[in-house]
Structure formats: structure tokens, C-alpha cells
Amino acid sequence: MSMIADFYGGKSILITGATGFLGKVLMEKLFRTSPDLRVIYILVRPKAGQTLQQRVFQILNSKLFEKVKEVCPNVHEKIRAISADLNQNDFAISKEDMQELLSYTNIIFHCAATVRFDDHLRHAVQLNVTATQQLLLMASQMPNLEAFIHISTAFSNCNLKHIDEVIYPCPVEPKKIIDSMEWLDDAIIDEITPKLIGDRPNTYTYTKALGEMVVQQESGKLNIAIIRPSIVGATWQEPFPGWVDNINGPTGLIVAAGKGFLRSIRATPMAVADLIPADIVVNLTLAVGWYTAVHRPKSTLIYHCTSGNLNPCNWGKMGIQVLATFEKIPLERAFRRPKAEFTTNNVTTQYWNAVSHRAPAMIYDFYLRLTGRKPRMTKLMNRLLRTLSMLEYFINRSWEWSTYNTEMLMSKLSPEDQRVFNFDVRQLNWLEYIENYVLGVKKYLLKEDMAGIPEAKQHLRRLRNIHYLFNTALFLIAWRLLIARSQVARNVWFFIVSFCYKFLSYFRASSTLKV
Ligand SMILES: CCCCCCCCCCCCCCCCCCCCCCCC(=O)SCCNC(=O)CCNC(=O)[C@H](O)C(C)(C)COP(=O)(O)OP(=O)(O)OC[C@H]1O[C@@H](n2cnc3c(N)ncnc32)[C@H](O)[C@@H]1OP(=O)(O)O
Ligand SMILES: NC(=O)C1=CN([C@@H]2O[C@H](COP(=O)(O)OP(=O)(O)OC[C@H]3O[C@@H](n4cnc5c(N)ncnc54)[C@H](OP(=O)(O)O)[C@@H]3O)[C@@H](O)[C@H]2O)C=CC1
């Protein structure tokens, strides 16, 4: 019997960010392991062209929830979508809904955030800091609340090399930042952003650090815990391997490599690729929810959900395995063959960007123009290069995260819970995981049919032939131009031609003699 699964039975659970990548995996696991839970409230904002109900329907009818429907056939009745926008005052929740949330909620999982690296500071503060503050205020009015679990990121302190499971203060108090965002105009915010974020690379990591400070400051009498996952990747085992449905983190680059857009990347092959599968994050989150509510630790505990110190993998190994998988299982309609290299300095990066990214895009756009179509590849390539420049910070450094609390929690679980809520990353086989990740990208994100693999391989063979033809033509043109301009080149050319001629004549003469 799983104590954790049992704990969530009969509970009313509030999840923010349930429509996001991690939120969906969290909801799925909760329904699958504790089908007798009372209700899951999810705060959802209406999206263009979709009502709340349509959004929920889409999630519940996705492949991810297939197993849930078997164990929890009335899942539709147990999910209660509440219209909310975390950017608004009181989240724009109606009075009745707010009353229901305040009266019944037992556990909160706060996953919502803006994960964009380039978000404007005002927006990132609103969602990652102010909304967290407001949610804590709401939580403090919930008489039945047992635990508040805040999802942060292991990179909230990426300005440090070694990171412990503690909250590191930022120089400027979050409250001051929140206040200043109310009266400063965008131009001034733009000007002070670099000074505020200091040695962090973007507004995301900075505001997630501020969010943690807010959690610490506003915790009051609440039972709170913070989870810090590193780079969340596709699922490892549950509900099935390789599930992923957005392009954040490495996923977008895997797609770009598989489609042949990404041919070189500035990365340190030996740097630790601190990836963590989404189901491991979710298992730890649920175990933390149980532990925080039942054991009520005296202080706010922080749990690092990382892989680097227990089972390290590096970007080099990951990149090679990604490409090896694309050899066997290519993506459909690739732009070029999947073939990429790591570069390690600015000069080679600029060179390969020009030769392997910009030039082919321009040639292809030229071809599109010639055939009366709208050019698009240069624009796409520029966006990819911009994305690469934003991710570079994370693939050229290694961090060490201590995992005492996470390991302590593991030791507190019963053998059954260690099995059902497995967050032991030491058991993960990276090569197998990455292969399943790449397959998952193909099947669940790009929705490509496995039956199309022979055609995809055929397409790659065509691309290879075009590549050879193109290179041969380029060589001949260059050579022709060189011969026209240089006496030395002409001499070399005549020497080669006469050598070949003599060789052929000798070969013909000797074969005639034999006859
Ligand atoms: C020896 C062999 C070598 C072979 C190598 C080849 C194999 C390659 C795979 C292995 C390398 C993997 C490296 C991975 C590096 C990952 C580092 C991640 C670090 C995360 C640390 C923090 C973790 C967290 O806590 S939060 C979660 C992470 N958050 C994000 O990832 C968000 C990042 N994204 C953004 O901030 C934005 O999307 C931005 C700024 C990058 C782009 O914004 P923009 O306004 O331009 O528009 P969008 O609409 O968002 O997207 C535009 C365009 O870009 C494409 N795109 C977006 N993200 C990615 C991505 N991660 N990778 C690739 N492409 C991406 C998107 O598809 C759009 O394309 P269109 O065609 O124009 O629609
Ligand atoms: N993915 C990763 O690699 C990592 C993620 N994390 C953390 O995990 C958490 C979840 O991340 P992930 O699932 O990847 O992110 P996603 O971007 O996939 O999901 C973000 C969620 O937040 C919701 N949200 C955003 N803005 C609002 C708003 N104004 N009102 C209501 N809801 C809103 C989104 O709703 P909508 O669907 O409407 O957009 C979505 O459900 C975040 O806190 C993130 O910082 C930490 C480490 C790594």
C-alpha cells in the first residue's frame, strides 16, 4: 500500500499551471495513483478561440491521459477548471469560485510561471513574484490547507557554482521590486533590468529567485516546501517513456537538429547536461507534498531535483545519442540531413553560423523566390540563432547542486512508495532515455507517424545526393574560376589531366597486351 497515494485520497488539490508541461504530468499522476481524490481545482485562463472547458477537454482527451481514463473513469467530474488570470488582481477569480477554493483546498501545487528567458521584467515579476505573493495570501486564508508546494528552478541561483538547498537573498527586496514595477515606465525598467539581474543571464532566473524570497518571507504559519528542478525533459517511464509536448529547453533544439536546421551549436561537450525527466520531478513533488503535510518540518525545506551529482551526463554524450537516434528514426521532411557539431569559441561559431545556417537558408529562400513562393528560411534561421544565443549560457557551464533534502526524503519513503513515486535518478540509463526522448519528440510533439520512416529515410538519401551534386558543382565552378585567373592553377590542372591521360593509356595498352 502506498502511503503517498493514500494521503491524496479524498483531498481537494489546487494546481496552478496545470495546462503547462509539468502541470499536466502532475495531474495525470495524481489521478492515476489516487483516483479517489475529491477534486483537482485548476486555475486556467481562457485562450484565444478556446473556452476553459475546451482546454480541459483537450487535455483529458490527449494520449497522456489514456491510462487515467482506465483507472479513474469519472476523471471529468473530478477536475474543476476555475477561470483565473494570475496577472490580475485576485487572479480575476469570481467570488463564488474563490469561496469554494478557500473553503476546500487541502494542498496547493504552484507551477504557473513565465519560463521565457526574454520576458519583460514587469511581466516576469508579475507572474513569478507578485502572483506567488498573492497565492500565498490566498493560502493563508484557507482553513484546511495542509501544504503549499512551490515549483522553482535549480537555476534561480545560476550565478553561483555550488548551490545548496537554501534560499539565497537577492540584493533588492522583492517587495521593493514589486512596488517599483507599479510606477516605473517600461523605458526605465528596460534601463535598470541589467543592473537588477546582475550576473544572472535573464529575467526568468532572476524573478524565480525573487519568487523564492517571497515564499520565505510570506510563509507565516503555512507548511511550505520549494522544489528546484533543473532542465525538465520528456518523461522517463510514466505514464509512458518520451512524452513531451512543448519545445522548451533541449526539446526545441532536438527538433531543430532532427529537421537539419541546427548544424552547429556553441556548447561545451564535457559540461554537465543537468536534465531531469518530468515524471521524476512529479514523483518528488508528490512525495514532498505528502511529507510537508504529514511531517510538518519546522522550516521551509528546499529540494533539488537534479541529476548532475547522482548520475551525470554531459552535452557531448547527449548530442551524439540524439544524432544516432535520428540515423535510425529520422524526422519527416527534413531541411537538411541531421548532422551537427559542437563549437567552442566565438570565431568558429560565427564561421559555422554563416556557412551552415545562414548560407543554406539564403540559398533555399532564393530557390523559393525563383519558384514563386514566399521566402521564410532566413527568418526561421535568425530566430533559431537567437534561441541558441539565449540557451548558450546553460550549455557552457556546469553547476553542483547538493541534494541532502531530496536524499533524506527518499530514505523516509516505504519501499512501495519508493517504487510508485520513484525519483531516484541513479536508476536512469541516459542512452535509453535520450533515445526515447527523441522518439517522443517525433511521436507526441511533432505527431509524426512511425509508418513514415521509410519515406523519411528516402528523403534523407535524396538530400545526400543533392548535397554531393551541389558540392561537386561548387568545386567545378570554383576551379574553373581559379584556372581562368591563375597560371599556377592552370599548370596544376594540366599536370593532373596529363597524368590521368598517361595512366589511362598505360592501362589500356597493358590490357591489350594481355589479350
Ligand atoms: C557531437 C554532436 C553534437 C550534436 C548536437 C545536436 C543535438 C542537439 C540537442 C542537444 C543540445 C541541447 C541543448 C539544450 C540546451 C537547453 C538549455 C535549457 C536551459 C534551461 C535552464 C532553465 C530551466 C528552467 O527553469 S525553465 C524552462 C526553460 N525555458 C525555456 O526553455 C524557454 C526558452 N524559450 C524562450 O525564452 C523563447 O522561446 C525564446 C526567447 C528562446 C524565443 O522567443 P521568440 O519570441 O523568438 O518566440 P517563440 O515563439 O518563443 O519561438 C520562436 C521560434 O523559436 C523556436 N524555439 C523556441 N524555443 C526553442 C528552443 N528551446 N529550441 C529551439 N527552437 C526554439 C520556436 O519553435 C519558434 O520557431 P518558429 O518556427 O518561428 O515558430
Ligand atoms: N520546463 C523546465 O525545464 C523547468 C520548469 N521549471 C518550473 O516548473 C514550472 C512549470 O514549468 P513548465 O510546465 O515547463 O512551464 P509551461 O510554460 O509549460 O507552463 C506554464 C503554466 O503557467 C500558466 N500560466 C502562465 N501565465 C499564466 C497566467 N497569467 N494565468 C494563469 N496561468 C498562467 C500557463 O498557462 P497557459 O497554458 O494558459 O499558458 C501554463 O499552464 C514553472 O514554475 C517553471 O519555472 C523549473 C525548472 C525547469
# chains A, B, ... in the order shown; residues from 1 in each chain; ligands from 1
>>> residues_around(residues="region 51-68 of chain A", least_positions_apart="6", cutoff="9 Å", atoms="only C-alpha atoms", output="PyMOL selection string")
chain A and resi 19+24-25+28-29+31-33+35+44-45+75-76+79+81-83+239-240+243+444
>>> closest_atom_pairs(of="chain A", to="ligand 2", cutoff="7 Å", atoms="only C-alpha atoms and all ligand atoms", output="CSV")
residue,atom,partner,partner_atom_place_in_ligand_line,distance
A:Thr16,CA,ligand 2,32 (N),6.4
A:Gly17,CA,ligand 2,41 (O),3.2
A:Ala18,CA,ligand 2,41 (O),4.8
A:Thr19,CA,ligand 2,41 (O),3.7
A:Gly20,CA,ligand 2,19 (O),3.3
A:Phe21,CA,ligand 2,13 (O),3.7
A:Leu22,CA,ligand 2,13 (O),3.8
A:Gly23,CA,ligand 2,13 (O),5.5
A:Leu43,CA,ligand 2,31 (C),6.2
A:Val44,CA,ligand 2,31 (C),5.5
A:Arg45,CA,ligand 2,31 (C),5.2
A:Pro46,CA,ligand 2,38 (O),7.0
A:Lys47,CA,ligand 2,38 (O),6.4
A:Ala84,CA,ligand 2,31 (C),6.0
A:Asp85,CA,ligand 2,30 (N),3.8
A:Leu86,CA,ligand 2,30 (N),3.8
A:Asn87,CA,ligand 2,29 (N),4.6
A:Cys111,CA,ligand 2,43 (O),4.3
A:Ala112,CA,ligand 2,22 (O),3.3
A:Ala113,CA,ligand 2,43 (O),4.6
A:Thr114,CA,ligand 2,25 (C),5.5
A:Val115,CA,ligand 2,45 (O),5.5
A:Leu127,CA,ligand 2,29 (N),6.4
A:Ile151,CA,ligand 2,43 (O),4.9
A:Ser152,CA,ligand 2,45 (O),5.2
A:Thr153,CA,ligand 2,46 (C),3.9
A:Ala154,CA,ligand 2,47 (C),6.3
A:Lys208,CA,ligand 2,45 (O),6.9
A:Arg228,CA,ligand 2,46 (C),6.3
A:Pro229,CA,ligand 2,47 (C),4.5
A:Ser230,CA,ligand 2,47 (C),4.9
A:Ile231,CA,ligand 2,3 (O),4.1
A:Val232,CA,ligand 2,3 (O),3.8
A:Gly233,CA,ligand 2,3 (O),6.6
A:Asn246,CA,ligand 2,18 (O),6.9
A:Asn248,CA,ligand 2,1 (N),6.3
A:Gly249,CA,ligand 2,3 (O),5.7
>>> closest_atom_pairs(of="chain A", to="ligand 1", cutoff="7 Å", atoms="only C-alpha atoms and all ligand atoms", output="JSON lines")
{"residue": "A:Val115", "atom": "CA", "partner": "ligand 1", "partner_atom_place_in_ligand_line": "29 (N)", "distance": 4.7}
{"residue": "A:Arg116", "atom": "CA", "partner": "ligand 1", "partner_atom_place_in_ligand_line": "36 (O)", "distance": 3.4}
{"residue": "A:Phe117", "atom": "CA", "partner": "ligand 1", "partner_atom_place_in_ligand_line": "36 (O)", "distance": 3.8}
{"residue": "A:Asp118", "atom": "CA", "partner": "ligand 1", "partner_atom_place_in_ligand_line": "40 (C)", "distance": 5.1}
{"residue": "A:Thr153", "atom": "CA", "partner": "ligand 1", "partner_atom_place_in_ligand_line": "25 (O)", "distance": 4.6}
{"residue": "A:Ala154", "atom": "CA", "partner": "ligand 1", "partner_atom_place_in_ligand_line": "25 (O)", "distance": 6.7}
{"residue": "A:Phe155", "atom": "CA", "partner": "ligand 1", "partner_atom_place_in_ligand_line": "22 (C)", "distance": 5.8}
{"residue": "A:Ser230", "atom": "CA", "partner": "ligand 1", "partner_atom_place_in_ligand_line": "23 (C)", "distance": 5.8}
{"residue": "A:Ile231", "atom": "CA", "partner": "ligand 1", "partner_atom_place_in_ligand_line": "23 (C)", "distance": 4.6}
{"residue": "A:Val232", "atom": "CA", "partner": "ligand 1", "partner_atom_place_in_ligand_line": "23 (C)", "distance": 6.9}
{"residue": "A:Ile247", "atom": "CA", "partner": "ligand 1", "partner_atom_place_in_ligand_line": "61 (N)", "distance": 5.5}
{"residue": "A:Asn248", "atom": "CA", "partner": "ligand 1", "partner_atom_place_in_ligand_line": "31 (O)", "distance": 3.7}
{"residue": "A:Gly249", "atom": "CA", "partner": "ligand 1", "partner_atom_place_in_ligand_line": "31 (O)", "distance": 3.6}
{"residue": "A:Pro250", "atom": "CA", "partner": "ligand 1", "partner_atom_place_in_ligand_line": "14 (C)", "distance": 3.6}
{"residue": "A:Thr251", "atom": "CA", "partner": "ligand 1", "partner_atom_place_in_ligand_line": "61 (N)", "distance": 6.1}
{"residue": "A:Gly252", "atom": "CA", "partner": "ligand 1", "partner_atom_place_in_ligand_line": "62 (N)", "distance": 3.2}
{"residue": "A:Leu253", "atom": "CA", "partner": "ligand 1", "partner_atom_place_in_ligand_line": "62 (N)", "distance": 4.1}
{"residue": "A:Ile254", "atom": "CA", "partner": "ligand 1", "partner_atom_place_in_ligand_line": "9 (C)", "distance": 4.5}
{"residue": "A:Ala256", "atom": "CA", "partner": "ligand 1", "partner_atom_place_in_ligand_line": "63 (C)", "distance": 6.0}
{"residue": "A:Ala257", "atom": "CA", "partner": "ligand 1", "partner_atom_place_in_ligand_line": "6 (C)", "distance": 5.4}
{"residue": "A:Ser264", "atom": "CA", "partner": "ligand 1", "partner_atom_place_in_ligand_line": "5 (C)", "distance": 6.8}
{"residue": "A:Ile265", "atom": "CA", "partner": "ligand 1", "partner_atom_place_in_ligand_line": "5 (C)", "distance": 6.6}
{"residue": "A:Trp315", "atom": "CA", "partner": "ligand 1", "partner_atom_place_in_ligand_line": "11 (C)", "distance": 6.3}
{"residue": "A:Gly316", "atom": "CA", "partner": "ligand 1", "partner_atom_place_in_ligand_line": "1 (C)", "distance": 5.6}
{"residue": "A:Met318", "atom": "CA", "partner": "ligand 1", "partner_atom_place_in_ligand_line": "10 (C)", "distance": 6.0}
{"residue": "A:Gly319", "atom": "CA", "partner": "ligand 1", "partner_atom_place_in_ligand_line": "4 (C)", "distance": 4.0}
{"residue": "A:Ile320", "atom": "CA", "partner": "ligand 1", "partner_atom_place_in_ligand_line": "2 (C)", "distance": 4.6}
{"residue": "A:Val322", "atom": "CA", "partner": "ligand 1", "partner_atom_place_in_ligand_line": "7 (C)", "distance": 5.6}
{"residue": "A:Leu323", "atom": "CA", "partner": "ligand 1", "partner_atom_place_in_ligand_line": "7 (C)", "distance": 6.3}
{"residue": "A:Lys339", "atom": "CA", "partner": "ligand 1", "partner_atom_place_in_ligand_line": "4 (C)", "distance": 6.9}
{"residue": "A:Ala340", "atom": "CA", "partner": "ligand 1", "partner_atom_place_in_ligand_line": "4 (C)", "distance": 4.5}
{"residue": "A:Glu341", "atom": "CA", "partner": "ligand 1", "partner_atom_place_in_ligand_line": "3 (C)", "distance": 4.3}
{"residue": "A:Phe342", "atom": "CA", "partner": "ligand 1", "partner_atom_place_in_ligand_line": "3 (C)", "distance": 5.2}
{"residue": "A:Leu380", "atom": "CA", "partner": "ligand 1", "partner_atom_place_in_ligand_line": "72 (O)", "distance": 5.3}
{"residue": "A:Arg383", "atom": "CA", "partner": "ligand 1", "partner_atom_place_in_ligand_line": "54 (O)", "distance": 5.4}
{"residue": "A:Leu384", "atom": "CA", "partner": "ligand 1", "partner_atom_place_in_ligand_line": "54 (O)", "distance": 5.5}
{"residue": "A:Arg386", "atom": "CA", "partner": "ligand 1", "partner_atom_place_in_ligand_line": "41 (C)", "distance": 6.7}
{"residue": "A:Thr387", "atom": "CA", "partner": "ligand 1", "partner_atom_place_in_ligand_line": "41 (C)", "distance": 4.0}
{"residue": "A:Met390", "atom": "CA", "partner": "ligand 1", "partner_atom_place_in_ligand_line": "41 (C)", "distance": 6.1}
{"residue": "A:Leu391", "atom": "CA", "partner": "ligand 1", "partner_atom_place_in_ligand_line": "17 (C)", "distance": 4.9}
{"residue": "A:Phe394", "atom": "CA", "partner": "ligand 1", "partner_atom_place_in_ligand_line": "19 (C)", "distance": 5.2}
{"residue": "A:Ile395", "atom": "CA", "partner": "ligand 1", "partner_atom_place_in_ligand_line": "15 (C)", "distance": 5.7}
>>> atom_distance(atom1="CA of Glu100 (chain A)", atom2="CA of Gln141 (chain A)")
11.8 Å
>>> residues_around(residues="region 460-470 of chain A", least_positions_apart="4", cutoff="12 Å", atoms="only C-alpha atoms", output="number ranges by chain")
A: 258-260, 326-339, 360, 363, 453-456, 474-477
>>> residues_around(residues="Val294 (chain A)", least_positions_apart="4", cutoff="10 Å", atoms="only C-alpha atoms", output="list in words")
Ile4, Phe7, Glu146, Ala147, Asn223, Val288, Gly289 and Trp290 of chain A
>>> residues_around(residues="Ser307 (chain A)", least_positions_apart="4", cutoff="9 Å", atoms="only C-alpha atoms", output="list in words")
Ser230, Ala273, Asp274, Leu275, Ile276, Asn311, Pro312, Cys313, Trp401, Val425 and Arg426 of chain A
>>> closest_residue(among="A:Leu14, A:Leu413, A:Leu30, A:Ala489", to="Tyr291 (chain A)", atoms="only C-alpha atoms")
A:Leu413
>>> select_by_dssp(residues="region 299-455 of chain A", states="alpha helix (DSSP H)", output="ChimeraX atom specification")
/A:315-328,346-352,359-370,377-395,404-412,415-420,430-440,453-455
>>> residues_around(residues="region 182-186 of chain A", least_positions_apart="3", cutoff="9 Å", atoms="only C-alpha atoms", output="JSON list (two decimals) with C-alpha atoms, in the first residue's frame")
[["chain", "number", "residue", "atom", "x", "y", "z"],
["A", 120, "HIS", "CA", 9.99, 41.91, -19.94],
["A", 121, "LEU", "CA", 10.90, 42.35, -16.29],
["A", 122, "ARG", "CA", 7.48, 43.82, -15.48],
["A", 177, "ILE", "CA", 10.80, 45.41, -6.90],
["A", 178, "ILE", "CA", 7.05, 44.69, -6.91],
["A", 179, "ASP", "CA", 6.30, 48.27, -5.82],
["A", 189, "ILE", "CA", 12.58, 49.28, -16.43],
["A", 190, "ASP", "CA", 14.49, 48.34, -19.59],
["A", 191, "GLU", "CA", 17.35, 50.51, -18.46]]
>>> select_by_dssp(residues="region 126-232 of chain A", states="strand (DSSP E or B)", output="list in words")
Ala147, Phe148, Ile149, His150, Ile151, His162, Ile163, Ile224, Ala225, Ile226, Ile227, Arg228, Pro229, Ile231 and Val232 of chain A
